[in-house]
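The structure appears below as structure tokens.
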Amino acid sequence: MLIVMKPSATGSEIDAVVKVVEAVGFRAHPMPGATRTAIGITGNEGPIDGRRFENLAGVAEVIRVTKPYKLITLDLRPDKTVVRVGDATIGDSELAIIAGPCAIENREQAFAIAKTVQKSGARFFRGCVWKPRTSPYTFQGLGEKGWEIMSAVREEFGLKIVTEAVEESHVDLIEKHGDVIQIGARNMQNFSLLKRAGRSRLPVLLKRGMAATLEEWLLAAEYIMAEGNYNVILCERGVRTFAQHTRNTLDLASVPAIRRISHLPVIVDPSHGTGTAYMVTPLARAGVAAGADGLMIEVHNQPELALSDSAQALTPSQYLQLVAEVRAIHELVSSNGIAVSESQHAPADR
Ligand code: PEP
Ligand code: MN
């Protein structure tokens, strides 16, 4: 159920509707937009009789939602969500670049890479402190010791810190020292982790699961939003297919597909999407041309010595060249309005 308020509805009318929704035992999610506020309702197991809301002051219409998602949709919020991370943003006119090593290895490595990331004009530094690895015998990340280095990078370079929470307790530390909580592909359906991130005040970067359909991925985002955290960034990182020429198959069609359904920003990770350095730049170009709001790129000062994902790490000069190229593409795409074309929007699902 979705309650659309009149453009003229006042703050106190919106508050009054929220109170009624809560009084009948549901959760209200008011989403202010450029022209009107809509209030999503969750917490109901069956259909709700919407007529009780229709006559409340300021209500324009009550819409029954038949799709499985309620909060990620353009019906609730026709304007794109812009995620604000301090003075940096993801989802507005600027292309967001999140770059850094696969994992934080030591201070010298992190600082050398952060210098390159800062030089590129990117605002976000990525790097795993906890490293989910396929094999238990490979480098698992520095763990809590890595935070000392991360905090120093944040302080020294003014970059926003994006790192993965592999378990719920990690969210506490990211809240203390970091800026964006990453949920990795392997944890896309770790529902208790999603709910914990949903109770955080920090934005959440949600990677697509390795075999997740679009609907499963969007429902994972719903888990976070249903807890009250609306600052979710979706990240396409490829899915497992029969292809052997690439680590994953980067599904760039998900970018326009999400645009058609959701107001959430979507970024592309061609590093994990391909697993091979020579493919990263071409796929980064394509991701931006497809309308992505940003990119996640792995870069290393000495890729050949990287303790994880060595084959996909760009050198600093390859990375700087990539950023220059994708900025030019983004300029072209956004000046033509291709990326956010209204014609791509689906008719409202009622
Ligand atoms: C990562 O970004 O560090 C990572 C492990 O990626 P993914 O979860 O997409 O495999
Ligand atoms: Mn990696």
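Every chain in the structure tokens takes a letter, A first, then B, and so on in the order presented; its residues are numbered from 1, and the ligands are numbered from 1 following the presented order.
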Report as a ChimeraX atom specification which protein, DNA and RNA residues come within 6 Å of ligand 1, using only C-alpha atoms and all ligand atoms. /A:102,128,184-186,207,237,272
Writer output for current selection, C-alpha atoms, as a compact mmCIF listing (two decimals), in the first residue's frame:
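As written to disk, result_25.txt reads:
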# COMPACT_ATOMS: atom_id res chain seq x y z
CA CYS A 102 40.85 -5.34 -2.95
CA CYS A 128 38.46 -4.75 2.55
CA GLY A 184 29.18 -8.29 -0.63
CA ALA A 185 27.84 -10.63 -3.28
CA ARG A 186 28.21 -13.62 -0.96
CA LYS A 207 26.29 -5.86 -4.32
CA ARG A 237 29.26 -6.96 -10.11
CA HIS A 272 34.96 -8.23 -9.88
Fewer than 4 positions away in the same chain doesn't count, so skip those; otherwise give me all residues within 9 Å of A:Val162, counting only C-alpha atoms, as a ChimeraX atom specification. /A:98,124-128,174,178-182,205
Selection as a PyMOL selection string: residues within 12 Å of ligand 2 by only C-alpha atoms and all ligand atoms: chain A and resi 99-104+126-134+139-141+163-164+184-185+237+247+269-277+296-300+303+306-314
Would you return as JSON, numbers by chain the members of stretch 17-259 of chain A that DSSP assigns to strand (DSSP E) on this structure's backbone? {"A": [27, 28, 29, 30, 31, 32, 37, 38, 39, 40, 41, 42, 59, 60, 61, 62, 63, 83, 84, 85, 88, 89, 90, 96, 97, 98, 99, 100, 124, 125, 126, 160, 161, 162, 163, 164, 180, 181, 182, 183, 204, 205, 206, 207, 232, 233, 234, 235, 236]}
In Å, how far is it from atom CA of A:Ile149 to atom CA of A:Thr315? 20.9 Å
Can you check which residues of stretch 22-183 of chain A DSSP gives as alpha helix (DSSP H) on the backbone and send them as an NGL selection string? :A and (22-23 or 51-54 or 107-119 or 146-157 or 168-177)
Selected residues written out with C-alpha atoms, as a compact mmCIF listing (two decimals), in the first residue's frame:
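Here's the written file again_28.txt:
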# COMPACT_ATOMS: atom_id res chain seq x y z
CA GLU A 22 1.36 3.23 13.05
CA ALA A 23 -1.76 3.18 15.19
CA ARG A 51 -10.12 3.25 2.50
CA ARG A 52 -9.38 4.23 6.10
CA PHE A 53 -6.61 6.52 4.83
CA GLU A 54 -8.46 8.07 1.90
CA ARG A 107 50.06 1.30 5.57
CA GLU A 108 52.49 1.91 2.70
CA GLN A 109 50.26 0.07 0.23
CA ALA A 110 47.08 1.82 1.39
CA PHE A 111 48.67 5.26 1.37
CA ALA A 112 50.24 4.82 -2.08
CA ILE A 113 46.88 3.76 -3.54
CA ALA A 114 44.91 6.45 -1.67
CA LYS A 115 47.23 9.05 -3.18
CA THR A 116 46.31 7.86 -6.67
CA VAL A 117 42.61 7.73 -5.80
CA GLN A 118 42.72 11.27 -4.47
CA LYS A 119 44.64 12.44 -7.55
CA GLY A 146 43.16 -2.58 9.34
CA TRP A 147 41.06 0.18 10.85
CA GLU A 148 44.06 2.07 12.09
CA ILE A 149 45.23 2.30 8.46
CA MET A 150 41.74 3.10 7.16
CA SER A 151 41.28 5.87 9.70
CA ALA A 152 44.63 7.33 8.74
CA VAL A 153 43.66 7.26 5.04
CA ARG A 154 40.40 9.01 5.82
CA GLU A 155 42.17 11.65 7.86
CA GLU A 156 45.11 12.20 5.52
CA PHE A 157 43.32 12.14 2.13
CA GLU A 168 26.79 -8.03 11.89
CA SER A 169 29.44 -7.03 14.44
CA HIS A 170 31.46 -5.44 11.62
CA VAL A 171 28.72 -2.88 11.10
CA ASP A 172 29.46 -1.44 14.56
CA LEU A 173 33.09 -0.82 13.57
CA ILE A 174 32.21 0.65 10.19
CA GLU A 175 29.80 3.00 11.96
CA LYS A 176 32.66 4.08 14.20
CA HIS A 177 35.39 4.52 11.60
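The environment of A:Ser200 within 10 Å, counting only C-alpha atoms and disregarding residues fewer than 2 places along the same chain, consists of Val171, Asp172, Ile174, Glu175, Ile181, Lys195, Arg196, Ala197, Gly198, Leu202, Pro203, Val204, Ile224, Glu227, Gly228, Asn229 and Asn231 of chain A.
Going from atom CA of A:Val83 over to atom CA of A:His263, you cover 10.9 Å.
Counting from atom CA of A:Asn106, the distance to atom CA of A:Leu142 is 8.4 Å.
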Contacts of stretch 62-78 of chain A at 9 Å or less, counting only C-alpha atoms, minus same-chain residues fewer than 6 places along, as JSON, numbers by chain? {"A": [1, 2, 3, 4, 5, 29, 30, 31, 32, 33, 34, 36, 37, 38, 39, 40, 41, 42, 47, 48, 50, 51, 53, 54, 215, 218, 219, 221, 222, 225, 226, 230, 259, 260, 261, 262, 263, 264, 345, 346, 347, 348, 349, 350]}
Do a neighbour search on A:Leu252 at 7 Å with only C-alpha atoms, toss out local chain neighbours closer than 2 positions, and write the hits as number ranges by chain. A: 250, 254-255, 287, 290
Deliver the residues from the most recent selection as a file, using N, CA, C and O atoms, as a short mmCIF file (atom, residue, chain, number, x, y, z; two decimals), in the first residue's frame.
data_model
loop_
_atom_site.label_atom_id
_atom_site.label_comp_id
_atom_site.auth_asym_id
_atom_site.auth_seq_id
_atom_site.Cartn_x
_atom_site.Cartn_y
_atom_site.Cartn_z
N LEU A 250 29.33 -9.68 -16.50
CA LEU A 250 28.85 -8.38 -16.02
C LEU A 250 27.55 -8.05 -16.76
O LEU A 250 27.56 -7.88 -17.98
N SER A 254 21.29 -4.79 -16.39
CA SER A 254 20.63 -4.54 -15.10
C SER A 254 20.55 -3.03 -14.82
O SER A 254 19.67 -2.60 -14.09
N VAL A 255 21.44 -2.25 -15.41
CA VAL A 255 21.43 -0.80 -15.12
C VAL A 255 20.13 -0.15 -15.65
O VAL A 255 19.36 0.40 -14.85
N GLY A 287 29.72 0.51 -18.77
CA GLY A 287 28.83 0.70 -17.62
C GLY A 287 28.36 2.15 -17.53
O GLY A 287 27.18 2.43 -17.29
N ALA A 290 25.98 2.90 -20.19
CA ALA A 290 24.66 2.30 -19.93
C ALA A 290 23.87 3.09 -18.89
O ALA A 290 22.70 2.79 -18.65
#
